[in-house]
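Printed here is input-v5.txt (compact mmCIF, C-alpha atoms):
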```txt
# COMPACT_ATOMS: atom_id res chain seq x y z
CA TYR V 16 61.37 -4.03 -16.15
CA GLN V 17 64.29 -5.93 -17.58
CA ILE V 18 67.08 -5.23 -20.04
CA ARG V 19 68.79 -8.34 -21.44
CA ASN V 20 71.87 -9.27 -23.42
CA ILE V 21 74.18 -6.45 -22.37
CA PRO V 22 77.73 -7.37 -23.50
CA VAL V 23 80.21 -7.59 -20.61
CA GLU V 24 83.75 -8.86 -20.15
CA MET V 25 84.34 -11.25 -17.23
CA LEU V 26 87.98 -10.69 -16.37
CA ALA V 27 88.13 -13.57 -13.88
CA ALA V 28 86.85 -16.10 -16.42
CA ASP V 29 89.02 -18.18 -18.75
CA GLU V 30 90.19 -16.21 -21.77
CA ASP V 31 87.81 -17.96 -24.17
CA GLN V 32 84.83 -17.33 -21.85
CA GLN V 33 85.37 -13.69 -20.91
CA GLU V 34 82.85 -12.29 -23.40
CA GLN V 35 79.45 -12.86 -21.81
CA GLU V 36 76.11 -11.07 -21.45
CA SER V 37 74.29 -9.65 -18.45
CA VAL V 38 70.73 -8.86 -17.38
CA ILE V 39 69.59 -5.87 -15.32
CA ASN V 40 66.25 -5.81 -13.50
CA PHE V 41 64.66 -2.48 -12.61
CA THR V 42 61.87 -1.60 -10.19
CA SER V 43 58.83 0.34 -11.46
CA ASP V 44 60.57 3.46 -10.08
CA GLY V 45 63.57 2.90 -12.34
CA LEU V 46 65.97 1.69 -9.64
CA ILE V 47 68.32 -1.22 -10.32
CA HIS V 48 67.00 -4.24 -8.43
CA ASN V 49 69.38 -6.98 -9.58
CA VAL V 50 72.22 -7.72 -12.00
CA MET V 51 72.73 -11.25 -13.34
CA VAL V 52 74.75 -13.18 -15.92
CA ALA V 53 72.41 -13.92 -18.85
CA LEU V 54 71.54 -17.11 -20.65
CA GLU V 55 72.17 -17.18 -24.39
CA ASN V 56 69.41 -15.27 -26.17
CA HIS V 57 68.38 -18.17 -28.43
CA ARG V 58 67.94 -20.41 -25.38
CA TYR V 59 65.82 -17.74 -23.69
CA VAL V 60 63.57 -17.47 -26.77
CA ASP V 61 63.21 -21.29 -27.05
CA ILE V 62 62.11 -21.67 -23.43
CA ILE V 63 59.67 -18.76 -23.48
CA SER V 64 58.09 -19.74 -26.81
CA ALA V 65 57.34 -23.28 -25.53
CA ASN V 66 54.66 -21.99 -23.12
CA ILE V 67 51.15 -23.45 -23.34
CA SER V 68 49.29 -21.00 -21.08
CA VAL V 69 49.69 -17.61 -19.42
CA THR V 70 50.55 -19.32 -16.12
CA ASP V 71 53.12 -21.51 -17.88
CA LEU V 72 54.61 -18.42 -19.56
CA ILE V 73 54.97 -16.60 -16.23
CA ARG V 74 56.59 -19.65 -14.62
CA ARG V 75 59.02 -20.07 -17.51
CA GLN V 76 60.03 -16.42 -17.17
CA THR V 77 60.49 -17.00 -13.44
CA ILE V 78 62.58 -20.14 -14.08
CA ILE V 79 64.90 -18.26 -16.44
CA GLU V 80 65.41 -15.53 -13.85
CA PHE V 81 65.77 -18.21 -11.18
CA VAL V 82 68.49 -20.02 -13.16
CA GLU V 83 70.32 -16.78 -14.01
CA ASN V 84 70.20 -15.75 -10.34
CA PHE V 85 71.33 -19.24 -9.31
CA ARG V 86 74.33 -19.12 -11.62
CA THR V 87 75.28 -15.58 -10.62
CA SER V 88 75.03 -16.41 -6.91
CA TYR V 89 77.79 -19.04 -7.33
CA ASN V 90 79.94 -16.58 -9.27
CA ARG V 91 79.67 -14.02 -6.46
CA LYS V 92 79.76 -16.73 -3.75
CA ASP V 93 76.41 -15.62 -2.33
CA ILE V 94 75.78 -18.48 0.11
CA ASP V 95 72.73 -16.76 1.66
CA TYR V 96 70.84 -16.69 -1.65
CA ILE V 97 71.74 -20.29 -2.48
CA GLU V 98 70.60 -21.46 0.95
CA SER V 99 67.30 -19.55 0.57
CA VAL V 100 66.26 -21.26 -2.70
CA PHE V 101 66.65 -24.85 -1.45
CA SER V 102 63.78 -26.52 0.34
CA ASP V 103 64.69 -27.56 3.89
CA GLN V 104 63.89 -31.14 2.80
CA ALA V 105 65.82 -30.90 -0.48
CA LEU V 106 67.39 -34.08 -1.88
CA ILE V 107 70.89 -33.56 -3.26
CA ILE V 108 72.49 -36.30 -5.39
CA THR V 109 76.08 -36.21 -6.66
CA GLY V 110 77.68 -38.66 -9.08
CA ASN V 111 81.37 -39.48 -9.22
CA VAL V 112 83.29 -41.76 -11.56
CA VAL V 113 84.81 -44.79 -9.81
CA LYS V 114 86.80 -47.77 -11.10
CA VAL V 115 85.39 -51.24 -10.54
CA LYS V 116 87.54 -54.37 -10.87
CA GLU V 117 85.94 -57.00 -13.06
CA ASN V 118 86.07 -60.68 -12.06
CA SER V 119 89.02 -62.57 -13.44
CA ASP V 120 90.73 -65.88 -12.62
CA ASN V 121 94.06 -64.36 -13.54
CA MET V 122 94.78 -61.48 -11.14
CA ILE V 123 97.52 -60.17 -13.42
CA GLN V 124 94.99 -59.76 -16.22
CA ALA V 125 92.26 -58.34 -14.00
CA MET V 126 90.49 -55.55 -15.86
CA TYR V 127 88.93 -52.39 -14.48
CA SER V 128 85.79 -50.71 -15.75
CA GLU V 129 84.25 -47.41 -14.72
CA LYS V 130 80.84 -46.52 -13.43
CA ILE V 131 79.19 -43.53 -11.80
CA GLN V 132 78.61 -43.95 -8.08
CA TYR V 133 75.96 -41.75 -6.46
CA SER V 134 75.83 -40.26 -2.98
CA THR V 135 73.07 -38.23 -1.33
CA SER V 136 73.24 -35.37 1.12
CA SER V 137 70.89 -33.05 2.94
CA LYS V 138 70.58 -29.32 2.40
CA GLU V 139 72.55 -28.68 5.59
CA GLU V 140 75.40 -30.96 4.49
CA TYR V 141 75.48 -29.43 1.01
CA ILE V 142 75.59 -25.83 2.31
CA LYS V 143 78.43 -26.66 4.72
CA LYS V 144 80.43 -28.21 1.88
CA LEU V 145 79.72 -25.22 -0.35
CA LYS V 146 80.88 -22.76 2.31
CA ARG V 147 84.22 -24.59 2.48
CA CYS V 148 84.44 -24.51 -1.31
CA PHE V 149 83.77 -20.77 -1.43
CA SER V 150 86.37 -20.02 1.25
CA ARG V 151 89.22 -21.83 -0.51
CA ASN V 152 88.58 -20.42 -4.01
CA ALA V 153 89.64 -16.93 -5.03
CA TYR V 154 87.03 -16.99 -7.81
CA ILE V 155 84.29 -19.22 -9.21
CA ASN V 156 82.97 -18.98 -12.74
CA LEU V 157 79.88 -21.00 -13.65
CA LYS V 158 78.52 -21.32 -17.17
CA PHE V 159 75.27 -23.04 -18.20
CA GLU V 160 74.51 -24.58 -21.60
CA GLU V 161 71.84 -26.81 -23.17
CA LEU V 162 69.10 -25.61 -20.81
CA GLU V 163 65.87 -27.61 -21.01
CA VAL V 164 62.66 -26.89 -19.08
CA VAL V 165 59.93 -29.54 -18.65
CA ARG V 166 56.62 -29.18 -16.80
CA HIS V 167 55.23 -32.17 -14.90
CA PRO V 168 52.30 -33.61 -16.91
CA ILE V 169 49.99 -33.85 -13.88
CA LYS V 170 51.45 -31.71 -11.08
CA ASP V 171 51.74 -28.52 -13.12
CA HIS V 172 53.45 -26.61 -10.27
CA ILE V 173 56.52 -28.88 -10.60
CA TYR V 174 59.16 -28.19 -13.27
CA GLY V 175 62.36 -30.00 -14.19
CA VAL V 176 65.37 -28.01 -15.39
CA THR V 177 68.28 -29.85 -17.01
CA LEU V 178 71.45 -28.08 -18.13
CA LYS V 179 75.11 -28.60 -18.80
CA GLN V 180 77.27 -26.89 -16.19
CA HIS V 181 80.84 -25.71 -16.70
CA TRP V 182 82.51 -25.09 -13.32
CA ASN V 183 85.79 -23.19 -13.28
CA SER V 184 87.45 -22.01 -10.10
CA SER V 185 90.92 -21.18 -8.83
CA THR V 186 91.38 -24.75 -7.52
CA TYR V 187 89.16 -27.01 -9.62
CA SER V 188 87.30 -27.33 -12.93
CA ASP V 189 84.74 -29.80 -14.25
CA VAL V 190 81.83 -30.22 -16.66
CA GLY V 191 78.65 -32.08 -15.83
CA TYR V 192 74.88 -32.26 -16.07
CA LEU V 193 72.86 -30.41 -13.46
CA PHE V 194 69.19 -31.20 -12.81
CA LEU V 195 66.92 -29.06 -10.64
CA MET V 196 63.36 -29.90 -9.62
CA ILE V 197 61.67 -26.57 -8.95
CA ASP V 198 58.45 -26.37 -6.92
CA PHE V 199 55.97 -23.53 -7.53
CA THR V 200 53.60 -24.45 -4.69
CA ASP V 201 54.30 -20.91 -3.44
CA PRO V 202 54.50 -18.96 -6.73
CA GLU V 203 56.19 -16.02 -5.02
CA TYR V 204 58.98 -18.20 -3.62
CA PRO V 205 59.72 -21.20 -5.87
CA CYS V 206 62.21 -23.58 -4.31
CA ILE V 207 64.51 -26.44 -5.30
CA GLN V 208 63.29 -29.83 -4.06
CA VAL V 209 65.91 -31.94 -5.88
CA ARG V 210 69.40 -31.13 -7.17
CA THR V 211 71.52 -33.70 -9.01
CA TRP V 212 74.93 -33.48 -10.64
CA GLN V 213 76.60 -36.03 -12.92
CA PRO V 214 79.92 -35.82 -14.79
CA ASP V 215 79.45 -35.53 -18.54
CA LYS V 216 82.12 -38.15 -19.28
CA TYR V 217 84.20 -40.91 -17.76
CA SER V 218 87.92 -40.48 -17.06
CA ASP V 219 88.75 -42.28 -20.32
CA GLY V 220 86.86 -39.58 -22.26
CA LYS V 221 83.73 -41.61 -22.97
CA LYS V 222 80.62 -39.43 -22.63
CA ILE V 223 77.68 -40.63 -20.57
CA ASP V 224 74.56 -41.37 -22.59
CA ARG V 225 72.00 -38.60 -22.58
CA ASP V 226 69.34 -41.00 -21.32
CA GLU V 227 71.50 -41.58 -18.21
CA VAL V 228 71.06 -37.93 -17.19
CA PHE V 229 68.50 -37.37 -14.44
CA GLU V 230 65.20 -35.84 -15.50
CA LEU V 231 61.76 -35.22 -14.04
CA SER V 232 60.42 -38.69 -14.92
CA ASP V 233 63.12 -40.34 -12.75
CA PHE V 234 61.43 -39.14 -9.55
CA ASN V 235 58.19 -40.33 -7.97
CA ILE V 236 56.53 -37.06 -6.98
```
Same coordinates, now as structure tokens:
Amino acid sequence: YQIRNIPVEMLAADEDQQEQESVINFTSDGLIHNVMVALENHRYVDIISANISVTDLIRRQTIIEFVENFRTSYNRKDIDYIESVFSDQALIITGNVVKVKENSDNMIQAMYSEKIQYSTSSKEEYIKKLKRCFSRNAYINLKFEELEVVRHPIKDHIYGVTLKQHWNSSTYSDVGYLFLMIDFTDPEYPCIQVRTWQPDKYSDGKKIDRDEVFELSDFNI
């Protein structure tokens, strides 16, 4: 059983983000099984109502709980849960804005443009980096917006989840697009096969085009 959209106040969050909602899962015996930070209710309804079969409906419900658990695990710095939901062969891609000097005959007038440079890492490398991040931050507050869920047109056990992530911590803040490829080969234990992150804008304030954001069709499965 599940109760959704319980108003809570997150004291560690920025002042304009303190009013949020939570979800509580109960066992059939009425015991609390889990507490998570909830997605916005309208986003929940949109994702659930897009189902095309009973199996698709169940997986969409699982994805919502998966995403809410995923977000909450960062907020509580639960490295064990995060490590458990990534495939051992997971591909992790991170984009960073870099300046590139354009060709010019006059070095004084040389111009610089910006592009996003991508790097890849393994699950092991990512978890090590995340442990260091958790240890040096007194708090972490993650917020997800613009959640989209897409099922693979042929391999119906593969889903792509795209969302806008707001990361706020005691040492660092950013906004970017997060993409997760979730594999339901084992329906009891879905796992992340691909995770990508891209900044939502360049340092000059220009936003990246939406078609530049990673999605399911960008990967040969």
(request) Write out as a ChimeraX atom specification which residues come within 9 Å of stretch 52-58 of chain V when counting all atoms listed in the file, dropping same-chain ones fewer than 3 positions away. (result) /V:19-21,35-39,61-63,79-80,82-84,86-87,158-163
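Proximity ranking of V:Arg75, V:Arg166, V:His48, V:Arg91 relative to V:Ala153 places V:Arg91 first, based on all atoms listed in the file.
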(request) Grab the atom CA of V:Arg74 to atom CA of V:Tyr59 distance for me, in Å with one decimal place. (result)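 Atom CA of V:Arg74 sits 13.1 Å away from atom CA of V:Tyr59.
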Can you check which parts of stretch 165-233 of chain V lie within 12 Å of stretch 94-116 of chain V? Per residue, the shortest pair of atoms and distance in Å to one decimal, counting only C-alpha atoms, sorted by chain and number, as CSV.
```
residue,atom,partner,partner_atom,distance
V:Asp189,CA,V:Asn111,CA,11.4
V:Val190,CA,V:Asn111,CA,11.9
V:Gly191,CA,V:Gly110,CA,9.5
V:Tyr192,CA,V:Gly110,CA,9.9
V:Leu193,CA,V:Thr109,CA,9.5
V:Phe194,CA,V:Ile108,CA,9.6
V:Leu195,CA,V:Ile107,CA,9.5
V:Met196,CA,V:Ala105,CA,9.5
V:Ile197,CA,V:Phe101,CA,9.2
V:Asp198,CA,V:Ser102,CA,9.0
V:Phe199,CA,V:Ser102,CA,11.5
V:Thr200,CA,V:Ser102,CA,11.5
V:Asp201,CA,V:Ser102,CA,11.6
V:Glu203,CA,V:Val100,CA,11.6
V:Tyr204,CA,V:Val100,CA,8.0
V:Pro205,CA,V:Val100,CA,7.3
V:Cys206,CA,V:Val100,CA,4.9
V:Ile207,CA,V:Phe101,CA,4.7
V:Gln208,CA,V:Ala105,CA,4.5
V:Val209,CA,V:Leu106,CA,4.8
V:Arg210,CA,V:Ile107,CA,4.8
V:Thr211,CA,V:Ile108,CA,4.6
V:Trp212,CA,V:Thr109,CA,5.0
V:Gln213,CA,V:Gly110,CA,4.8
V:Pro214,CA,V:Gly110,CA,6.8
V:Asp215,CA,V:Val112,CA,10.1
V:Lys216,CA,V:Val112,CA,8.6
V:Tyr217,CA,V:Val112,CA,6.3
V:Ser218,CA,V:Val112,CA,7.3
V:Asp219,CA,V:Val112,CA,10.3
V:Gly220,CA,V:Val112,CA,11.5
V:Lys221,CA,V:Val112,CA,11.4
V:Lys222,CA,V:Val112,CA,11.6
V:Ile223,CA,V:Val112,CA,10.7
V:Glu227,CA,V:Gly110,CA,11.4
V:Val228,CA,V:Gly110,CA,10.5
V:Phe229,CA,V:Ile108,CA,9.9
```
(message) For a test of reading the model, state the distance in Å between atom CA of V:Leu157 and atom CA of V:Val50, rounded to one decimal.
(response)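 So the two atoms, atom CA of V:Leu157 and atom CA of V:Val50, lie 15.4 Å apart.
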At a cut-off of 12 Å, using all atoms listed in the file, what residues contact V:Met25? Leave out same-chain residues fewer than 2 positions from it and give the result as a PDB file with C-alpha atoms, in the frame of the given file.
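That gives us selection.pdb:
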```pdb
ATOM      1  CA  PRO V  22      77.730  -7.370 -23.500  1.00  0.00           C
ATOM      2  CA  VAL V  23      80.210  -7.590 -20.610  1.00  0.00           C
ATOM      3  CA  ALA V  27      88.130 -13.570 -13.880  1.00  0.00           C
ATOM      4  CA  ALA V  28      86.850 -16.100 -16.420  1.00  0.00           C
ATOM      5  CA  ASP V  29      89.020 -18.180 -18.750  1.00  0.00           C
ATOM      6  CA  GLU V  30      90.190 -16.210 -21.770  1.00  0.00           C
ATOM      7  CA  ASP V  31      87.810 -17.960 -24.170  1.00  0.00           C
ATOM      8  CA  GLN V  32      84.830 -17.330 -21.850  1.00  0.00           C
ATOM      9  CA  GLN V  33      85.370 -13.690 -20.910  1.00  0.00           C
ATOM     10  CA  GLU V  34      82.850 -12.290 -23.400  1.00  0.00           C
ATOM     11  CA  GLN V  35      79.450 -12.860 -21.810  1.00  0.00           C
ATOM     12  CA  GLU V  36      76.110 -11.070 -21.450  1.00  0.00           C
ATOM     13  CA  SER V  37      74.290  -9.650 -18.450  1.00  0.00           C
ATOM     14  CA  VAL V  52      74.750 -13.180 -15.920  1.00  0.00           C
ATOM     15  CA  ASN V  90      79.940 -16.580  -9.270  1.00  0.00           C
ATOM     16  CA  TYR V 154      87.030 -16.990  -7.810  1.00  0.00           C
ATOM     17  CA  ILE V 155      84.290 -19.220  -9.210  1.00  0.00           C
ATOM     18  CA  ASN V 156      82.970 -18.980 -12.740  1.00  0.00           C
ATOM     19  CA  LEU V 157      79.880 -21.000 -13.650  1.00  0.00           C
ATOM     20  CA  LYS V 158      78.520 -21.320 -17.170  1.00  0.00           C
TER      21      LYS V 158
END
```
